[in-house]
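Trainee: Below is a structure I'd like to ask you about.
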There are 2 protein chains.
Amino acid sequence: MSRDLLGAISVHPGRRLTARLAETLAVVDAASFETQRVPGLTLTLEGVPGDPHAGFTRRAGPREPWHPRGAEIRSGRQLSIVSVEELAEIASAMGHSVVEAGWIGADLVMEGLPSLSFLPAGTRLFFEGGACVVVEAQNAPCRHAGRAIAGHTGRPGDELSFPKIAKRLRGVVASVERVGEVAAGSDVVVRVPEQWIY
Amino acid sequence: MSRDLLGAISVHPGRRLTARLAETLAVVDAASFETQRVPGLTLTLEGVPGDPHAGFTRRAGPREPWHPRGAEIRSGRQLSIVSVEELAEIASAMGHSVVEAGWIGADLVMEGLPSLSFLPAGTRLFFEGGACVVVEAQNAPCRHAGRAIAGHTGRPGDELSFPKIAKRLRGVVASVERVGEVAAGSDVVVRVPEQWIY
């Protein structure tokens, strides 16, 4: 643990940041996990209605090797949130002019939040109109998303390079804390909780 | 943000700890939030059946000043987890021989985890038999619990002193990630996630 000279765990105070919701995206073709730009989204407490990730629960998969595959578990992955800046960084490192948020199934694209992928669990994003989402965890890039990128760029090697290049740049997964409509182009208040190292 | 010499955010690796589930407690009288020792608990994805904190959602209260009072929100408070060691520390600082977990409505009492209240959000507790809970946040001690303590100790001042003395010692709130039975006296594996300071 990180402790101060008196032996107490050092607590870093919470902070309030502001950012912009650059894009909202939704699954349009149920056969694909890719998303497409829409003017806004309705967020319910189960996520985005109609989205394959909607629900209070989901099935455990390869991301949860500590649970039996297929076991019903609490969902902490209702929403995928990425940033304009990190997507640009991924594209640049992959040698592409662009990697679209929709190719990797993102729901919300933020702009103006440095190192969005490092927003800690418990960070709250407050949208105009009252909707609120809570960050659950950093998202891990997978070959599945890499393959989708390769399908758009026509470069098969992207399937394997994406998981390496996009590590710690692939955004966060989040749950809806309070319902509401969110609109592309609107302002977002971000509350980072106090933090410490255990 | 805490960055290393190259400008990258410093990531502290996750850790695996072991501990013991010392006590399991349940609400017995629906008119009170206090809990009483039971041999074990059934954990469902909504929490402990019959407990006032069970449910995927709950009503926003004074702990969530950023939401309208009474708004339906995602629940991150299904379970209250405290530790033998921190309860002893609270009791000692309050000048009592004991502060019982049940007086403050705890569901699970852990033993052998240093500074349990500082387990970060995303920490998973794995119980024998498969149940798993995820830490959501540090719990904030309130006058409500202080009043309950005062009711047992007969010292009215405990209502006000408890929230001050028990700050950062009052355990954590958690959600059930996977269902199962948990038994008092059994072993628990604790996985602390990797951490960083944003």
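All residue names refer to the structure tokens as shown: chains lettered A, B, ... in order, residues numbered from 1 in each chain, ligands numbered from 1 in order.
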At a cut-off of 10 Å, list the chain B residues touching chain A, using only C-alpha atoms, as a ChimeraX atom specification.

Mentor: /B:1,8-9,11-12,14-15,44-46,56-57,60,66-68,71-76,114-122,126,130-134,136-137,175-179,192-198

Trainee: Identify, with DSSP run on backbone atoms, the residues in stretch 117-146 of chain B assigned to helix (DSSP H, G or I), and express the list as a ChimeraX atom specification.

Mentor: /B:117-118,143-146

Trainee: Go ahead and write the residues just picked, N, CA and C atoms, as a tab-separated table (two decimals), in the first residue's frame.

Mentor:
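The new file again_30.tsv reads:
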```tsv
chain	number	residue	atom	x	y	z
B	117	SER	N	-11.36	-1.49	4.49
B	117	SER	CA	-12.09	-0.35	3.95
B	117	SER	C	-11.42	0.27	2.73
B	118	PHE	N	-10.15	-0.05	2.52
B	118	PHE	CA	-9.42	0.50	1.39
B	118	PHE	C	-9.33	-0.46	0.20
B	143	ARG	N	-24.84	8.83	10.88
B	143	ARG	CA	-25.45	8.97	12.21
B	143	ARG	C	-26.48	7.89	12.48
B	144	HIS	N	-27.11	7.41	11.41
B	144	HIS	CA	-28.10	6.35	11.52
B	144	HIS	C	-27.47	5.13	12.23
B	145	ALA	N	-26.29	4.74	11.73
B	145	ALA	CA	-25.58	3.60	12.35
B	145	ALA	C	-25.09	4.00	13.74
B	146	GLY	N	-24.66	5.27	13.89
B	146	GLY	CA	-24.21	5.73	15.20
B	146	GLY	C	-25.33	5.65	16.23
```

Trainee: Can you list, as a PDB file with N, CA and C atoms, in the first residue's frame, every protein, DNA or RNA residue that comes within 7 Å of B:Gly102 when you count only C-alpha atoms, leaving out same-chain residues fewer than 6 positions away?

Mentor:
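selection.pdb, freshly written:
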```pdb
ATOM      1  N   LEU B  25     -24.328 -12.343   8.404  1.00  0.00           N
ATOM      2  CA  LEU B  25     -25.435 -11.764   9.167  1.00  0.00           C
ATOM      3  C   LEU B  25     -26.595 -11.450   8.243  1.00  0.00           C
ATOM      4  N   GLU B  34     -30.706  -3.402  11.364  1.00  0.00           N
ATOM      5  CA  GLU B  34     -29.699  -4.230  12.041  1.00  0.00           C
ATOM      6  C   GLU B  34     -29.761  -5.678  11.553  1.00  0.00           C
ATOM      7  N   THR B  35     -28.601  -6.339  11.636  1.00  0.00           N
ATOM      8  CA  THR B  35     -28.521  -7.730  11.201  1.00  0.00           C
ATOM      9  C   THR B  35     -28.108  -8.611  12.377  1.00  0.00           C
ATOM     10  N   GLN B  36     -28.397  -9.898  12.236  1.00  0.00           N
ATOM     11  CA  GLN B  36     -28.035 -10.850  13.292  1.00  0.00           C
ATOM     12  C   GLN B  36     -27.294 -12.029  12.685  1.00  0.00           C
TER      13      GLN B  36
END
```

Trainee: Find the spatial neighbours of B:Arg16, counting only C-alpha atoms, within a cut-off of 8 Å - ignore same-chain residues fewer than 3 positions away - and output them as a list in words.

Mentor: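 In the requested format, the answer is Val189, Val190, Arg191 and Val192 of chain B.
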
Trainee: Go ahead and save the residues from that selection, with N, CA and C atoms, as a PDB file, in the first residue's frame.

Mentor:
```
ATOM      1  N   VAL B 189     -10.889 -16.092  -1.188  1.00  0.00           N
ATOM      2  CA  VAL B 189      -9.779 -15.607  -2.005  1.00  0.00           C
ATOM      3  C   VAL B 189     -10.144 -14.212  -2.500  1.00  0.00           C
ATOM      4  N   VAL B 190      -9.220 -13.291  -2.338  1.00  0.00           N
ATOM      5  CA  VAL B 190      -9.485 -11.889  -2.672  1.00  0.00           C
ATOM      6  C   VAL B 190      -8.562 -11.469  -3.806  1.00  0.00           C
ATOM      7  N   ARG B 191      -9.136 -10.963  -4.871  1.00  0.00           N
ATOM      8  CA  ARG B 191      -8.322 -10.476  -5.988  1.00  0.00           C
ATOM      9  C   ARG B 191      -8.434  -8.959  -6.075  1.00  0.00           C
ATOM     10  N   VAL B 192      -7.342  -8.304  -5.726  1.00  0.00           N
ATOM     11  CA  VAL B 192      -7.276  -6.837  -5.825  1.00  0.00           C
ATOM     12  C   VAL B 192      -6.870  -6.515  -7.261  1.00  0.00           C
TER      13      VAL B 192
END
```

Trainee: Leaving out stretch 91-96 of chain A and any residue of its chain fewer than 6 positions from it, which residues lie within 8 Å of it when counting only C-alpha atoms, given as a list in words?

Mentor: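 Listing them by chain and then by number gives Thr153, Asp158, Ser161, Phe162 and Ile165 of chain A.
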
Trainee: Selection from above, N, CA and C atoms, as a short mmCIF file (atom, residue, chain, number, x, y, z; two decimals), in the first residue's frame, can you write it?

Mentor:
```cif
data_model
loop_
_atom_site.label_atom_id
_atom_site.label_comp_id
_atom_site.auth_asym_id
_atom_site.auth_seq_id
_atom_site.Cartn_x
_atom_site.Cartn_y
_atom_site.Cartn_z
N THR A 153 -10.10 -2.12 -43.02
CA THR A 153 -8.85 -1.60 -43.58
C THR A 153 -8.32 -2.51 -44.69
N ASP A 158 -4.07 -6.59 -38.95
CA ASP A 158 -4.68 -5.75 -37.91
C ASP A 158 -5.35 -6.58 -36.82
N SER A 161 -2.49 -7.21 -34.46
CA SER A 161 -1.77 -6.04 -33.95
C SER A 161 -2.66 -5.17 -33.06
N PHE A 162 -3.96 -5.14 -33.34
CA PHE A 162 -4.84 -4.28 -32.54
C PHE A 162 -4.79 -4.59 -31.05
N ILE A 165 -1.47 -3.08 -29.75
CA ILE A 165 -1.35 -1.63 -29.88
C ILE A 165 -2.38 -0.89 -29.04
#
```

Trainee: Compile the contact shell of A:Leu41 as a count of residues only: residues with an atom at most 12 Å away, counting only C-alpha atoms, same-chain residues fewer than 3 positions apart removed.

Mentor: 26

Trainee: Go ahead and compute the interatomic distance for atom CA of A:Arg20 and atom CA of A:Thr42, in Å to one decimal.

Mentor: 17.3 Å

Trainee: Quick one: of A:Leu160, A:Ala150, A:Ala54, A:Ala22, who's nearest to A:Glu85, counting only C-alpha atoms?

Mentor: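 Using only C-alpha atoms, A:Glu85 sits closest to A:Ala22.
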
Trainee: Using only C-alpha atoms, which protein or nucleic acid residues come within 8 Å of A:Ser83? Drop anything in the same chain fewer than 2 positions from it, and give the result as a ChimeraX atom specification.

Mentor: /A:81,85-87,109-111,113,116,171

Trainee: So which residues of stretch 46-185 of chain B fall under strand (DSSP E) by DSSP, listed as a short mmCIF file (atom, residue, chain, number, x, y, z; two decimals) with C-alpha atoms, in the first residue's frame?

Mentor:
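Wrote out-v5.cif, looks like this:
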```cif
data_model
loop_
_atom_site.label_atom_id
_atom_site.label_comp_id
_atom_site.auth_asym_id
_atom_site.auth_seq_id
_atom_site.Cartn_x
_atom_site.Cartn_y
_atom_site.Cartn_z
CA THR B 57 -31.78 -0.81 -8.42
CA ARG B 58 -32.55 1.40 -5.44
CA ARG B 59 -33.70 4.93 -4.66
CA GLU B 72 -34.29 5.08 -9.30
CA ILE B 73 -30.61 4.33 -9.74
CA ARG B 74 -28.37 1.31 -10.22
CA LEU B 79 -23.97 -5.81 0.60
CA SER B 80 -22.15 -4.20 3.53
CA ILE B 81 -18.80 -5.83 4.34
CA VAL B 82 -16.78 -4.99 7.45
CA SER B 83 -13.76 -6.52 9.16
CA LEU B 108 -20.37 -10.13 5.88
CA VAL B 109 -17.50 -9.82 8.36
CA MET B 110 -14.02 -10.57 7.04
CA GLU B 111 -10.94 -11.42 9.02
CA ARG B 124 -13.42 -9.49 -6.12
CA LEU B 125 -14.06 -11.80 -3.17
CA PHE B 126 -14.38 -15.45 -4.15
CA PHE B 127 -16.16 -17.70 -1.67
CA CYS B 132 -18.35 -13.90 -5.91
CA VAL B 133 -18.90 -10.30 -4.86
CA VAL B 134 -17.35 -7.13 -6.26
CA VAL B 135 -16.38 -4.15 -4.13
CA GLU B 136 -18.12 -0.98 -5.29
CA ALA B 137 -16.93 1.71 -2.87
CA GLN B 138 -15.73 2.56 0.60
CA VAL B 172 -17.05 -1.39 1.85
CA VAL B 173 -20.25 -1.84 -0.11
CA ALA B 174 -20.39 -4.54 -2.73
CA SER B 175 -22.53 -6.20 -5.41
CA VAL B 176 -22.97 -9.88 -6.05
CA GLU B 177 -21.24 -10.93 -9.28
CA ARG B 178 -21.99 -14.64 -9.11
CA GLY B 180 -23.86 -19.06 -4.33
CA GLU B 181 -24.07 -19.98 -0.67
CA VAL B 182 -21.54 -18.47 1.72
CA ALA B 183 -20.82 -19.96 5.14
#
```
